[in-house]
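**Q** One file is attached below, work33.txt, containing compact mmCIF, C-alpha atoms.
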```txt
# COMPACT_ATOMS: atom_id res chain seq x y z
CA MET A 1 4.48 -0.35 28.83
CA ARG A 2 2.35 1.64 26.41
CA ILE A 3 4.00 2.24 23.06
CA THR A 4 3.20 3.48 19.58
CA LEU A 5 4.37 1.69 16.46
CA SER A 6 4.52 4.00 13.45
CA VAL A 7 5.32 2.94 9.89
CA ILE A 8 5.69 5.83 7.43
CA LYS A 9 6.72 5.26 3.81
CA ALA A 10 7.51 7.30 0.73
CA ASP A 11 8.91 7.00 -2.77
CA ILE A 12 11.66 9.60 -2.94
CA GLY A 13 13.50 8.34 -6.03
CA GLY A 14 13.89 5.07 -7.92
CA PHE A 15 17.11 3.25 -8.83
CA VAL A 16 16.90 2.32 -11.73
CA GLY A 17 13.51 3.57 -12.94
CA HIS A 18 10.97 2.32 -10.38
CA SER A 19 12.77 -0.91 -9.47
CA GLY A 20 14.80 -0.15 -6.35
CA VAL A 21 16.33 2.27 -3.84
CA HIS A 22 19.88 3.59 -4.14
CA PRO A 23 22.15 2.60 -1.20
CA GLU A 24 23.15 6.21 -0.51
CA VAL A 25 19.53 7.30 -0.20
CA LEU A 26 18.75 4.37 2.09
CA GLU A 27 21.77 5.12 4.27
CA LYS A 28 20.77 8.77 4.68
CA VAL A 29 17.21 7.86 5.75
CA LYS A 30 18.62 5.34 8.25
CA GLU A 31 21.06 7.93 9.57
CA ILE A 32 18.28 10.42 10.30
CA GLY A 33 16.15 7.81 12.07
CA LEU A 34 18.96 6.45 14.24
CA ALA A 35 20.01 9.97 15.21
CA GLU A 36 16.53 10.48 16.68
CA VAL A 37 16.91 7.26 18.68
CA GLU A 38 20.18 8.64 20.07
CA LYS A 39 18.40 11.88 21.02
CA GLY A 40 15.73 9.89 22.87
CA ASN A 41 12.90 11.01 20.59
CA LEU A 42 12.36 7.43 19.40
CA ILE A 43 12.75 4.16 21.29
CA ASP A 44 13.84 2.36 18.14
CA CYS A 45 13.91 2.82 14.38
CA GLN A 46 14.50 0.54 11.42
CA VAL A 47 14.16 1.00 7.68
CA LEU A 48 12.48 -1.35 5.19
CA VAL A 49 12.59 -1.26 1.38
CA CYS A 50 10.10 -2.60 -1.13
CA GLY A 51 10.73 -1.72 -4.76
CA ASP A 52 11.48 2.00 -4.99
CA ASP A 53 9.85 2.80 -1.65
CA ILE A 54 11.37 3.33 1.80
CA ALA A 55 9.53 2.84 5.09
CA LEU A 56 10.60 4.02 8.54
CA VAL A 57 9.50 1.58 11.26
CA MET A 58 9.53 3.54 14.54
CA THR A 59 8.60 2.82 18.15
CA HIS A 60 7.98 5.64 20.63
CA GLN A 61 5.63 6.90 23.34
CA HIS A 62 4.26 10.01 21.64
CA GLY A 63 0.99 8.47 20.42
CA VAL A 64 -0.40 8.39 16.90
CA ASP A 65 -0.31 11.51 14.71
CA SER A 66 2.63 12.88 16.69
CA GLU A 67 4.04 16.03 15.13
CA LEU A 68 7.50 15.08 16.41
CA VAL A 69 7.45 11.58 14.88
CA HIS A 70 5.90 12.65 11.59
CA GLY A 71 8.44 15.46 11.43
CA ILE A 72 11.27 12.94 11.83
CA ALA A 73 9.95 10.94 8.87
CA TRP A 74 9.51 14.08 6.78
CA LYS A 75 13.06 15.22 7.55
CA ALA A 76 14.45 11.78 6.65
CA PHE A 77 12.59 11.80 3.33
CA GLU A 78 13.64 15.36 2.57
CA GLU A 79 17.30 14.58 3.19
CA GLY A 80 17.02 11.40 1.13
CA THR A 81 15.42 13.39 -1.68
CA LYS A 82 18.42 15.72 -1.81
CA ILE A 83 20.65 12.73 -2.59
CA SER A 84 18.11 11.40 -5.11
CA LYS A 85 18.18 14.70 -6.95
CA LYS A 86 21.98 14.82 -6.89
CA LEU A 87 22.11 11.32 -8.40
CA LYS A 88 19.27 12.20 -10.83
CA LEU A 89 17.22 9.23 -9.63
CA TYR A 90 13.84 8.73 -11.25
CA GLY A 91 10.93 10.53 -9.59
CA ALA A 92 13.12 12.14 -6.93
CA GLY A 93 10.89 13.26 -4.07
CA GLN A 94 7.71 12.34 -5.95
CA ASP A 95 5.75 11.43 -2.80
CA LEU A 96 6.54 14.74 -1.08
CA LEU A 97 3.68 16.89 -2.28
CA SER A 98 4.63 19.96 -0.26
CA ASP A 99 7.78 22.01 0.22
CA THR A 100 7.19 22.48 3.95
CA PHE A 101 6.13 20.21 6.80
CA SER A 102 2.85 21.28 8.43
CA GLY A 103 2.75 19.07 11.54
CA ASN A 104 1.51 15.81 10.03
CA VAL A 105 2.49 13.91 6.88
CA LYS A 106 -1.07 12.76 6.21
CA GLY A 107 -2.31 14.45 3.07
CA MET A 108 1.25 15.39 2.13
CA GLY A 109 2.10 12.25 0.15
CA PRO A 110 3.73 9.66 2.44
CA GLY A 111 1.73 6.60 3.52
CA VAL A 112 1.11 6.12 7.25
CA ALA A 113 0.11 3.14 9.40
CA GLU A 114 0.42 3.48 13.16
CA MET A 115 -1.14 2.10 16.31
CA GLU A 116 -0.83 2.59 20.07
CA PHE A 117 -1.12 -0.35 22.47
CA GLU A 118 -0.01 -1.81 25.78
CA GLU A 119 2.94 -4.09 25.12
CA ARG A 120 2.02 -7.70 25.96
CA PRO A 121 4.34 -10.23 27.69
CA SER A 122 5.09 -11.37 24.12
CA GLU A 123 4.34 -8.86 21.35
CA PRO A 124 4.80 -10.27 17.84
CA VAL A 125 3.84 -7.94 14.98
CA ILE A 126 4.13 -8.16 11.22
CA VAL A 127 4.77 -5.13 9.02
CA PHE A 128 3.58 -5.68 5.46
CA PHE A 129 4.95 -3.39 2.75
CA ALA A 130 3.77 -3.48 -0.88
CA ASP A 131 4.98 -1.84 -4.07
CA LYS A 132 3.11 -1.12 -7.31
CA THR A 133 -0.36 -1.36 -5.81
CA ALA A 134 -3.04 0.61 -3.93
CA PRO A 135 -4.30 0.65 -0.31
CA SER A 136 -7.28 -1.55 -1.19
CA ALA A 137 -4.82 -4.41 -1.75
CA TRP A 138 -4.98 -5.07 2.02
CA SER A 139 -8.77 -5.45 2.19
CA LEU A 140 -8.97 -9.06 1.00
CA PRO A 141 -6.20 -10.44 3.27
CA LEU A 142 -7.51 -8.49 6.28
CA TYR A 143 -10.96 -9.97 5.69
CA GLU A 144 -9.46 -13.47 5.56
CA MET A 145 -7.23 -12.93 8.62
CA PHE A 146 -9.98 -11.54 10.85
CA ALA A 147 -13.32 -12.73 9.46
CA ASP A 148 -12.88 -15.94 7.45
CA PRO A 149 -12.75 -19.07 9.66
CA MET A 150 -11.64 -21.16 6.66
CA VAL A 151 -8.39 -19.16 6.75
CA CYS A 152 -8.18 -18.18 10.42
CA ALA A 153 -9.15 -21.20 12.54
CA GLY A 154 -8.70 -19.10 15.69
CA LEU A 155 -12.06 -17.42 15.00
CA VAL A 156 -13.66 -20.75 15.85
CA ILE A 157 -11.33 -22.33 18.42
CA ASP A 158 -9.72 -19.40 20.29
CA PRO A 159 -12.13 -18.04 22.95
CA LYS A 160 -10.44 -14.63 22.82
CA MET A 161 -11.27 -14.30 19.10
CA HIS A 162 -14.66 -16.00 19.03
CA ASP A 163 -16.62 -12.74 19.34
CA GLY A 164 -15.07 -11.55 16.08
CA PHE A 165 -13.59 -8.23 14.98
CA THR A 166 -14.77 -4.79 13.91
CA PHE A 167 -13.52 -3.34 10.62
CA GLU A 168 -13.16 0.38 10.04
CA VAL A 169 -13.75 0.97 6.30
CA LEU A 170 -12.74 4.20 4.59
CA ASP A 171 -14.45 5.72 1.57
CA THR A 172 -11.32 7.08 -0.13
CA TYR A 173 -13.36 9.50 -2.25
CA THR A 174 -15.28 11.23 0.56
CA GLY A 175 -12.90 10.69 3.48
CA LYS A 176 -15.76 9.26 5.56
CA ALA A 177 -15.49 5.93 7.40
CA VAL A 178 -17.86 3.31 8.79
CA LYS A 179 -17.32 0.58 11.40
CA LEU A 180 -18.76 -2.85 10.71
CA SER A 181 -18.77 -5.69 13.24
CA THR A 182 -18.17 -9.26 12.11
CA PRO A 183 -19.55 -11.83 11.90
CA ALA A 184 -22.91 -10.02 12.31
CA GLU A 185 -22.27 -7.48 9.54
CA LEU A 186 -19.97 -9.62 7.40
CA TYR A 187 -22.03 -9.30 4.22
CA ASP A 188 -22.24 -5.52 4.60
CA LEU A 189 -18.45 -5.44 4.96
CA LEU A 190 -17.93 -7.49 1.81
CA ALA A 191 -20.43 -5.37 -0.13
CA LEU A 192 -18.20 -2.35 0.50
CA ILE A 193 -14.66 -3.67 0.33
CA GLY A 194 -15.42 -5.67 -2.79
CA SER A 195 -15.42 -2.26 -4.52
CA VAL A 196 -11.66 -1.90 -4.37
CA GLU A 197 -11.49 1.31 -6.36
CA ARG A 198 -13.33 3.22 -3.61
CA TYR A 199 -13.31 1.43 -0.26
CA ALA A 200 -10.37 0.21 1.84
CA VAL A 201 -10.02 -1.28 5.32
CA LYS A 202 -8.27 1.24 7.55
CA SER A 203 -8.15 -0.62 10.87
CA VAL A 204 -9.38 -3.74 12.68
CA TRP A 205 -10.37 -4.00 16.36
CA ARG A 206 -11.11 -7.01 18.60
CA ASN A 207 -14.77 -7.08 19.64
CA SER A 208 -14.25 -8.64 23.08
CA ASP A 209 -12.23 -5.72 24.47
CA GLY A 210 -11.79 -3.12 21.71
CA GLU A 211 -8.07 -3.84 21.38
CA ILE A 212 -6.40 -2.68 18.15
CA ALA A 213 -5.47 -5.60 15.90
CA ALA A 214 -4.37 -4.14 12.56
CA VAL A 215 -4.00 -0.83 10.79
CA ALA A 216 -3.29 0.01 7.14
CA SER A 217 -2.25 3.08 5.22
CA THR A 218 -5.13 4.35 3.10
CA GLN A 219 -3.70 7.44 1.40
CA ARG A 220 -4.34 7.64 -2.35
CA LEU A 221 -1.79 9.92 -3.99
CA SER A 222 -3.85 10.66 -7.08
CA LEU A 223 -6.76 11.89 -4.97
CA ILE A 224 -4.43 14.04 -2.88
CA ALA A 225 -2.48 15.56 -5.76
CA GLY A 226 -5.29 15.73 -8.33
CA LYS A 227 -3.12 13.98 -10.90
CA TYR A 228 -1.07 10.83 -11.29
CA VAL A 229 2.10 11.25 -9.22
CA GLY A 230 2.99 7.64 -8.48
CA LYS A 231 1.59 4.46 -7.07
CA ASP A 232 0.38 4.40 -3.47
CA ASP A 233 2.51 1.46 -2.30
CA PRO A 234 0.78 0.84 1.05
CA VAL A 235 2.03 -0.40 4.43
CA MET A 236 0.17 -2.37 7.10
CA ILE A 237 0.75 -3.46 10.72
CA VAL A 238 -0.84 -6.65 12.09
CA ARG A 239 -0.50 -7.91 15.68
CA ALA A 240 -0.19 -11.69 16.11
CA GLN A 241 -0.87 -14.46 18.67
CA SER A 242 -2.60 -14.43 22.09
CA GLY A 243 -6.10 -13.32 21.08
CA PHE A 244 -5.07 -12.32 17.57
CA PRO A 245 -4.51 -14.59 14.55
CA ALA A 246 -1.36 -16.71 14.70
CA VAL A 247 1.55 -15.70 12.48
CA GLY A 248 0.72 -18.56 10.11
CA GLU A 249 -2.94 -17.47 9.91
CA ILE A 250 -1.87 -13.91 9.10
CA LEU A 251 0.43 -15.08 6.31
CA GLU A 252 -1.96 -17.66 4.85
CA PRO A 253 -3.94 -15.24 2.59
CA PHE A 254 -0.71 -14.51 0.70
CA ALA A 255 -0.25 -18.17 -0.23
CA ARG A 256 -2.84 -17.64 -2.99
CA PRO A 257 -2.21 -14.56 -5.14
CA TRP A 258 -5.10 -12.27 -5.98
CA ILE A 259 -5.41 -9.42 -8.45
CA VAL A 260 -4.81 -5.84 -7.34
CA GLU A 261 -4.75 -2.47 -9.07
CA GLY A 262 -1.47 -0.70 -9.71
CA TRP A 263 1.44 -2.30 -11.61
CA MET A 264 2.69 -0.22 -14.57
CA ARG A 265 1.97 3.52 -14.08
CA GLY A 266 -0.64 2.60 -11.48
CA SER A 267 -2.97 1.90 -14.40
CA HIS A 268 -3.09 -1.89 -14.60
CA ASN A 269 -4.46 -4.87 -12.71
CA GLY A 270 -1.99 -7.56 -11.73
CA PRO A 271 -1.25 -10.35 -9.24
CA ILE A 272 0.33 -9.47 -5.93
CA MET A 273 3.43 -11.58 -5.38
CA PRO A 274 4.73 -12.40 -1.86
CA VAL A 275 8.54 -12.13 -1.98
CA SER A 276 11.61 -12.07 0.21
CA PHE A 277 13.34 -8.78 0.95
CA LYS A 278 15.91 -9.63 -1.73
CA GLN A 279 13.24 -10.22 -4.38
CA ALA A 280 11.32 -7.01 -3.70
CA THR A 281 12.64 -5.41 -6.88
CA PRO A 282 9.80 -5.27 -9.44
CA THR A 283 11.10 -5.02 -13.00
CA ARG A 284 8.78 -6.89 -15.38
CA PHE A 285 6.47 -4.20 -16.76
CA ASP A 286 7.48 -2.44 -13.53
CA GLY A 287 6.06 -5.37 -11.60
CA PRO A 288 4.27 -7.58 -10.92
CA PRO A 289 3.15 -5.95 -7.65
CA ARG A 290 5.25 -7.14 -4.70
CA VAL A 291 4.67 -7.52 -0.97
CA ILE A 292 7.14 -8.26 1.83
CA ALA A 293 6.40 -9.34 5.41
CA ALA A 294 8.75 -8.18 8.17
CA GLY A 295 8.22 -9.98 11.46
CA TYR A 296 9.20 -8.35 14.75
CA GLN A 297 9.09 -9.15 18.44
CA ILE A 298 8.74 -5.94 20.42
CA ALA A 299 10.52 -5.92 23.79
CA GLN A 300 10.39 -2.76 25.93
CA GLY A 301 9.68 -0.89 22.72
CA LYS A 302 12.74 -2.29 20.93
CA LEU A 303 12.30 -3.89 17.51
CA ILE A 304 13.71 -7.42 17.64
CA GLY A 305 14.03 -8.42 14.00
CA PRO A 306 13.04 -8.26 11.26
CA ARG A 307 12.45 -11.84 10.16
CA ASP A 308 11.92 -12.13 6.42
CA LEU A 309 8.69 -14.14 6.63
CA PHE A 310 8.13 -14.67 2.90
CA ASP A 311 11.66 -16.05 2.47
CA ASP A 312 10.15 -19.52 2.61
CA PRO A 313 9.71 -22.18 -0.12
CA ALA A 314 6.13 -22.60 1.10
CA PHE A 315 5.37 -19.43 -0.90
CA ASP A 316 7.11 -20.63 -4.08
CA ARG A 317 3.83 -21.85 -5.56
CA ALA A 318 2.19 -18.49 -4.89
CA ARG A 319 5.04 -16.84 -6.77
CA GLU A 320 4.64 -19.29 -9.67
CA GLN A 321 0.88 -18.71 -9.77
CA ALA A 322 1.45 -14.96 -9.77
CA GLN A 323 3.72 -15.35 -12.80
CA THR A 324 1.03 -17.34 -14.62
CA ILE A 325 -1.61 -14.72 -13.83
CA ALA A 326 0.81 -12.03 -15.00
CA ASP A 327 1.29 -13.83 -18.33
CA ILE A 328 -2.48 -14.02 -18.88
CA LEU A 329 -3.09 -10.38 -18.03
CA ARG A 330 -0.12 -9.10 -20.05
CA ARG A 331 -1.67 -10.78 -23.11
CA GLN A 332 -4.42 -8.13 -22.85
CA GLY A 333 -1.91 -5.36 -23.52
CA ILE A 334 -3.55 -1.96 -23.25
CA PHE A 335 -7.02 -3.51 -23.18
CA GLU A 336 -9.19 -3.95 -20.08
CA PRO A 337 -9.32 -5.81 -17.74
CA HIS A 338 -5.51 -5.60 -17.62
CA ARG A 339 -5.72 -1.82 -17.94
CA LEU A 340 -7.92 -0.23 -15.29
CA PRO A 341 -11.41 0.96 -16.31
CA SER A 342 -11.79 4.53 -17.53
CA GLU A 343 -13.11 5.92 -14.24
CA GLU A 344 -9.86 4.80 -12.60
CA MET A 345 -7.80 6.46 -15.35
CA GLU A 346 -8.96 9.94 -14.32
CA TYR A 347 -5.51 11.05 -13.24
CA THR A 348 -3.59 9.78 -16.28
CA THR A 349 -3.32 11.18 -19.81
CA LEU A 350 -6.72 9.72 -20.80
CA PRO A 351 -8.71 12.89 -19.91
CA LYS A 352 -6.34 14.94 -22.10
CA ILE A 353 -6.96 12.57 -25.00
CA LEU A 354 -10.74 12.83 -24.51
CA LYS A 355 -10.45 16.61 -24.39
CA LYS A 356 -8.48 16.59 -27.64
CA LEU A 357 -11.17 14.51 -29.35
CA GLU A 358 -14.11 16.31 -27.74
CA GLY A 359 -15.27 18.13 -30.88
CA ARG A 360 -14.99 15.05 -33.08
CA PHE A 361 -17.68 12.89 -31.42
CA TYR A 362 -21.03 12.88 -33.22
CA ASP A 363 -24.50 11.48 -32.60
CA LEU A 364 -25.33 8.51 -34.85
CA GLU A 365 -29.03 8.60 -33.89
CA GLU A 366 -29.48 12.11 -35.26
CA GLY A 367 -28.05 11.07 -38.62
CA LYS A 368 -25.24 13.58 -38.57
CA LYS A 369 -22.58 13.08 -41.18
CA ALA A 370 -19.39 11.71 -39.70
CA PRO A 371 -16.35 13.99 -39.92
CA THR A 372 -13.90 12.81 -42.55
CA GLY A 373 -10.88 13.74 -40.51
CA GLU A 374 -9.58 15.86 -43.42
CA GLU A 375 -10.13 19.02 -41.41
CA HIS A 376 -7.30 17.85 -39.14
CA HIS A 377 -4.81 17.44 -41.99
CA THR A 378 -2.30 20.07 -43.04
CA GLU A 379 -1.14 20.84 -46.54
CA THR A 380 2.08 18.96 -45.86
CA ASP A 381 0.31 15.73 -44.74
```
Go ahead and express the file in the form of structure tokens.
**A**
Amino acid sequence: MRITLSVIKADIGGFVGHSGVHPEVLEKVKEIGLAEVEKGNLIDCQVLVCGDDIALVMTHQHGVDSELVHGIAWKAFEEGTKISKKLKLYGAGQDLLSDTFSGNVKGMGPGVAEMEFEERPSEPVIVFFADKTAPSAWSLPLYEMFADPMVCAGLVIDPKMHDGFTFEVLDTYTGKAVKLSTPAELYDLLALIGSVERYAVKSVWRNSDGEIAAVASTQRLSLIAGKYVGKDDPVMIVRAQSGFPAVGEILEPFARPWIVEGWMRGSHNGPIMPVSFKQATPTRFDGPPRVIAAGYQIAQGKLIGPRDLFDDPAFDRAREQAQTIADILRRQGIFEPHRLPSEEMEYTTLPKILKKLEGRFYDLEEGKKAPTGEEHHTETD
């Protein structure tokens, strides 16, 4: 049976601030999705929450980029936004960058990760969902899952994986992508994805047969909207077992927190913290960034699950380490490297501040007298 798994997310209003989703909004989004299952447009539909974001997890047979499926998600988010506005929730509808649906949600604000495949005799998949971070957050764990034998032993001992995987890497500034095969082009891959502000892994394919292994959302809201409109809060789908990494190998990268961009106002670096569904409510400085892992078995297109895979004491140390890293970075306050570098602050208020001060910069080498600042004072100062 050939199916498509689509995960489409959006922030349509936070409760309270950016920390969570209001139950009425969540219920409305669920209602819309389940109604489409009843109509036969979807095989199955579930809803996940991470922080102030909602994701529709949908199975169907319409292929990727389906106007019908994307339209279902858009309708669900629109209806949820109406409730958000009624309740005056924070940032109501902030990820919906258009008033009308144009056939595909890509470029309209919501994040999208979807893949089409032939359902195996056993089809375990993991849906990762992060809040307060950017799409490049997935690049390091995807590298470790599919290219690092010290993390994924299957690359060495599983004959189906021994030929490695191909990574599709997106340049988020130009919209162009490149495919790099590992292990042969491993260093080229790392040279790109190490630049997290620009490059992000979009998908991963098995070299032996070209089978899709993983796909991630790569939309960057600031680049779409031309201004800061919210964090990107990406989603990712990873297939597990039988020629793909085992569930434990897929989860292993999250046992050691790393630093990602996002956090407060999308303008700060911070540790990504693997948490249970219940703990996916970032509040400290609107963070630290969170990630959940929802495990499913797919049977005839039905979603069996989810299992809350980070609800495990084995990840307690990762959570503790993330707190320690958060303490260290918070000590920096508004200073880099906690705050993102200036080139990544392009869509915040920083350009307006530079514009305001534009006429007050002077060249020390030419010996010009420095302005006293008195010309900016009024008689009442």
**Q** With only C-alpha atoms as the counted atoms, please give the residues lying no more than 12 Å from Glu31 of chain A, apart from itself and same-chain residues fewer than 2 positions off, as a list in words.
**A** Glu24, Val25, Leu26, Glu27, Lys28, Val29, Gly33, Leu34, Ala35, Glu36, Val37, Glu38, Cys45, Gln46, Val47, Leu56, Ile72, Ala73, Lys75, Ala76, Phe77, Glu79 and Gly80 of chain A
**Q** Between atom CA of Ala318 of chain A and atom CA of Arg256 of chain A, measure the distance and give it in Å to one decimal.
**A**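 One can read the atom CA of Ala318 of chain A to atom CA of Arg256 of chain A distance as 5.4 Å.
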**Q** Quick one: residues within 8 Å of segment 196-210 of chain A, all atoms listed in the file counted, chain neighbours fewer than 3 positions away excluded, as number ranges by chain?
**A** A: 135-139, 142, 160-161, 163-173, 181, 192-193, 213-218, 344
**Q** For Lys302 of chain A, find every residue with an atom within 9 Å (counting all atoms listed in the file), except residues of its own chain fewer than 4 positions away, and show them as number ranges by chain.
**A** A: 43-45, 59, 297-298
**Q** Measure the distance from atom CA of Phe315 of chain A to atom CA of His338 of chain A in Å and round it to one decimal.
**A**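 Calculated distance between atom CA of Phe315 of chain A and atom CA of His338 of chain A is 24.3 Å.
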**Q** Might you pull out every residue within 7 Å of segment 5-9 of chain A, with all atoms listed in the file counted and same-chain residues fewer than 2 positions away left off, and present them as a PDB file with C-alpha atoms, in the frame of the given file?
**A**
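Written out: part.pdb:
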```pdb
ATOM      1  CA  ILE A   3       4.000   2.240  23.060  1.00  0.00           C
ATOM      2  CA  ASP A  53       9.850   2.800  -1.650  1.00  0.00           C
ATOM      3  CA  ILE A  54      11.370   3.330   1.800  1.00  0.00           C
ATOM      4  CA  ALA A  55       9.530   2.840   5.090  1.00  0.00           C
ATOM      5  CA  LEU A  56      10.600   4.020   8.540  1.00  0.00           C
ATOM      6  CA  VAL A  57       9.500   1.580  11.260  1.00  0.00           C
ATOM      7  CA  MET A  58       9.530   3.540  14.540  1.00  0.00           C
ATOM      8  CA  THR A  59       8.600   2.820  18.150  1.00  0.00           C
ATOM      9  CA  HIS A  60       7.980   5.640  20.630  1.00  0.00           C
ATOM     10  CA  ALA A  73       9.950  10.940   8.870  1.00  0.00           C
ATOM     11  CA  PRO A 110       3.730   9.660   2.440  1.00  0.00           C
ATOM     12  CA  GLY A 111       1.730   6.600   3.520  1.00  0.00           C
ATOM     13  CA  VAL A 112       1.110   6.120   7.250  1.00  0.00           C
ATOM     14  CA  ALA A 113       0.110   3.140   9.400  1.00  0.00           C
ATOM     15  CA  GLU A 114       0.420   3.480  13.160  1.00  0.00           C
ATOM     16  CA  MET A 115      -1.140   2.100  16.310  1.00  0.00           C
ATOM     17  CA  GLU A 116      -0.830   2.590  20.070  1.00  0.00           C
TER      18      GLU A 116
END
```
**Q** Please provide the set of residues having any atom within 7 Å of Leu96 of chain A, restricted to only C-alpha atoms, with same-chain residues fewer than 2 positions apart removed, written as a CSV table (one decimal) with C-alpha atoms, in the coordinates of the input.
**A**
```csv
chain,number,residue,atom,x,y,z
A,93,GLY,CA,10.9,13.3,-4.1
A,94,GLN,CA,7.7,12.3,-6.0
A,98,SER,CA,4.6,20.0,-0.3
A,108,MET,CA,1.2,15.4,2.1
A,109,GLY,CA,2.1,12.2,0.2
A,110,PRO,CA,3.7,9.7,2.4
```
**Q** Which residue gives the smallest distance to His268 of chain A among A:Ile126, A:Leu340, A:Ala280, A:Ile304, with only C-alpha atoms counted?
**A** A:Leu340
**Q** Check the smallest atom-to-atom distance from each of A:Met264, A:Ala10, A:Ala153, A:Leu303 to Lys106 of chain A using only C-alpha atoms, then report the winner.
**A** A:Ala10
**Q** For atom CA of Pro159 of chain A and atom CA of Phe310 of chain A, determine how far apart the two atoms are, in Å to one decimal place.
**A**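 Atom CA of Phe310 of chain A lies 28.7 Å from atom CA of Pro159 of chain A.
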**Q** So which one's closest to Trp74 of chain A, A:Pro149, A:Gly103, A:Gly91, A:Gly20? Using all atoms listed in the file, please.
**A**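 With all atoms listed in the file as the atom set, the closest residue is A:Gly103.
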**Q** Give one line per residue of segment 13-132 of chain A that approaches segment 292-296 of chain A to at most 8 Å, naming the two atoms of the closest pair and their distance in Å to one decimal, counting all atoms listed in the file; sort by chain then ascending residue number and deliver it as CSV.
**A**
```
residue,atom,partner,partner_atom,distance
A:Cys50,CA,A:Ile292,CA,7.0
A:Pro124,CA,A:Tyr296,CA,5.7
A:Val125,CA,A:Tyr296,CA,5.4
A:Ile126,CA,A:Gly295,CA,4.5
A:Val127,CA,A:Ala294,CA,5.1
A:Phe128,CA,A:Ala293,CA,4.6
A:Phe129,CA,A:Ile292,CA,5.4
A:Ala130,CA,A:Ile292,CA,6.4
```
**Q** Determine the nearest neighbour of His62 of chain A from the options A:Ala92, A:Phe117, A:Asp327, A:Ser19, counting all atoms listed in the file.
**A**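 Closest residue, counting all atoms listed in the file: A:Phe117.
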**Q** Using all atoms listed in the file, list the residues that have an atom at most 12 Å from (3.7, -19.0, -10.5), coordinates as in the file, as a PyMOL selection string.
**A** chain A and resi 255-258+271-275+288+315-328
**Q** Anything within 6 Å of (-2.1, 2.1, -2.4): list those residues as a count of residues only, counting only C-alpha atoms and sticking to the file's coordinates.
**A** 7
**Q** Go through A:Val21, A:Leu97, A:Ile12, A:Glu118 one by one, measure the shortest atom-to-atom distance of each to Gly301 of chain A using all atoms listed in the file, and give the residue with the smallest value.
**A** A:Glu118
**Q** Report, as JSON, the axis-aligned box around all atoms of segment 272-280 of chain A present in the file, extended by 6 Å on each side; give centre and edge lengths in Å to one decimal place.
**A**
```
{"center_x": 8.1, "center_y": -9.7, "center_z": -2.5, "size_x": 27.6, "size_y": 17.4, "size_z": 18.9}
```
**Q** Mind completing segment 33-45 of chain A with N, CA and C atoms? Output as an mmCIF file, in the coordinates of the input, please?
**A**
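Okay, this is what ended up in out.cif:
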```
data_model
loop_
_atom_site.group_PDB
_atom_site.id
_atom_site.type_symbol
_atom_site.label_atom_id
_atom_site.label_comp_id
_atom_site.auth_asym_id
_atom_site.auth_seq_id
_atom_site.Cartn_x
_atom_site.Cartn_y
_atom_site.Cartn_z
ATOM 1 N N GLY A 33 16.956 8.535 11.094
ATOM 2 C CA GLY A 33 16.150 7.810 12.070
ATOM 3 C C GLY A 33 16.942 7.416 13.301
ATOM 4 N N LEU A 34 18.132 6.887 13.108
ATOM 5 C CA LEU A 34 18.960 6.450 14.240
ATOM 6 C C LEU A 34 19.421 7.628 15.079
ATOM 7 N N ALA A 35 19.626 8.776 14.454
ATOM 8 C CA ALA A 35 20.010 9.970 15.210
ATOM 9 C C ALA A 35 18.909 10.355 16.191
ATOM 10 N N GLU A 36 17.644 10.159 15.796
ATOM 11 C CA GLU A 36 16.530 10.480 16.680
ATOM 12 C C GLU A 36 16.409 9.473 17.818
ATOM 13 N N VAL A 37 16.852 8.239 17.592
ATOM 14 C CA VAL A 37 16.910 7.260 18.680
ATOM 15 C C VAL A 37 17.963 7.710 19.695
ATOM 16 N N GLU A 38 19.108 8.152 19.192
ATOM 17 C CA GLU A 38 20.180 8.640 20.070
ATOM 18 C C GLU A 38 19.722 9.844 20.893
ATOM 19 N N LYS A 39 18.904 10.704 20.307
ATOM 20 C CA LYS A 39 18.400 11.880 21.020
ATOM 21 C C LYS A 39 17.334 11.519 22.056
ATOM 22 N N GLY A 40 16.790 10.307 21.955
ATOM 23 C CA GLY A 40 15.730 9.890 22.870
ATOM 24 C C GLY A 40 14.334 10.209 22.372
ATOM 25 N N ASN A 41 14.219 10.711 21.155
ATOM 26 C CA ASN A 41 12.900 11.010 20.590
ATOM 27 C C ASN A 41 12.170 9.741 20.149
ATOM 28 N N LEU A 42 12.915 8.723 19.766
ATOM 29 C CA LEU A 42 12.360 7.430 19.400
ATOM 30 C C LEU A 42 12.967 6.356 20.291
ATOM 31 N N ILE A 43 12.188 5.310 20.568
ATOM 32 C CA ILE A 43 12.750 4.160 21.290
ATOM 33 C C ILE A 43 13.619 3.357 20.341
ATOM 34 N N ASP A 44 13.102 3.133 19.128
ATOM 35 C CA ASP A 44 13.840 2.360 18.140
ATOM 36 C C ASP A 44 13.398 2.778 16.740
ATOM 37 N N CYS A 45 14.235 2.480 15.771
ATOM 38 C CA CYS A 45 13.910 2.820 14.380
ATOM 39 C C CYS A 45 14.641 1.879 13.445
#
```
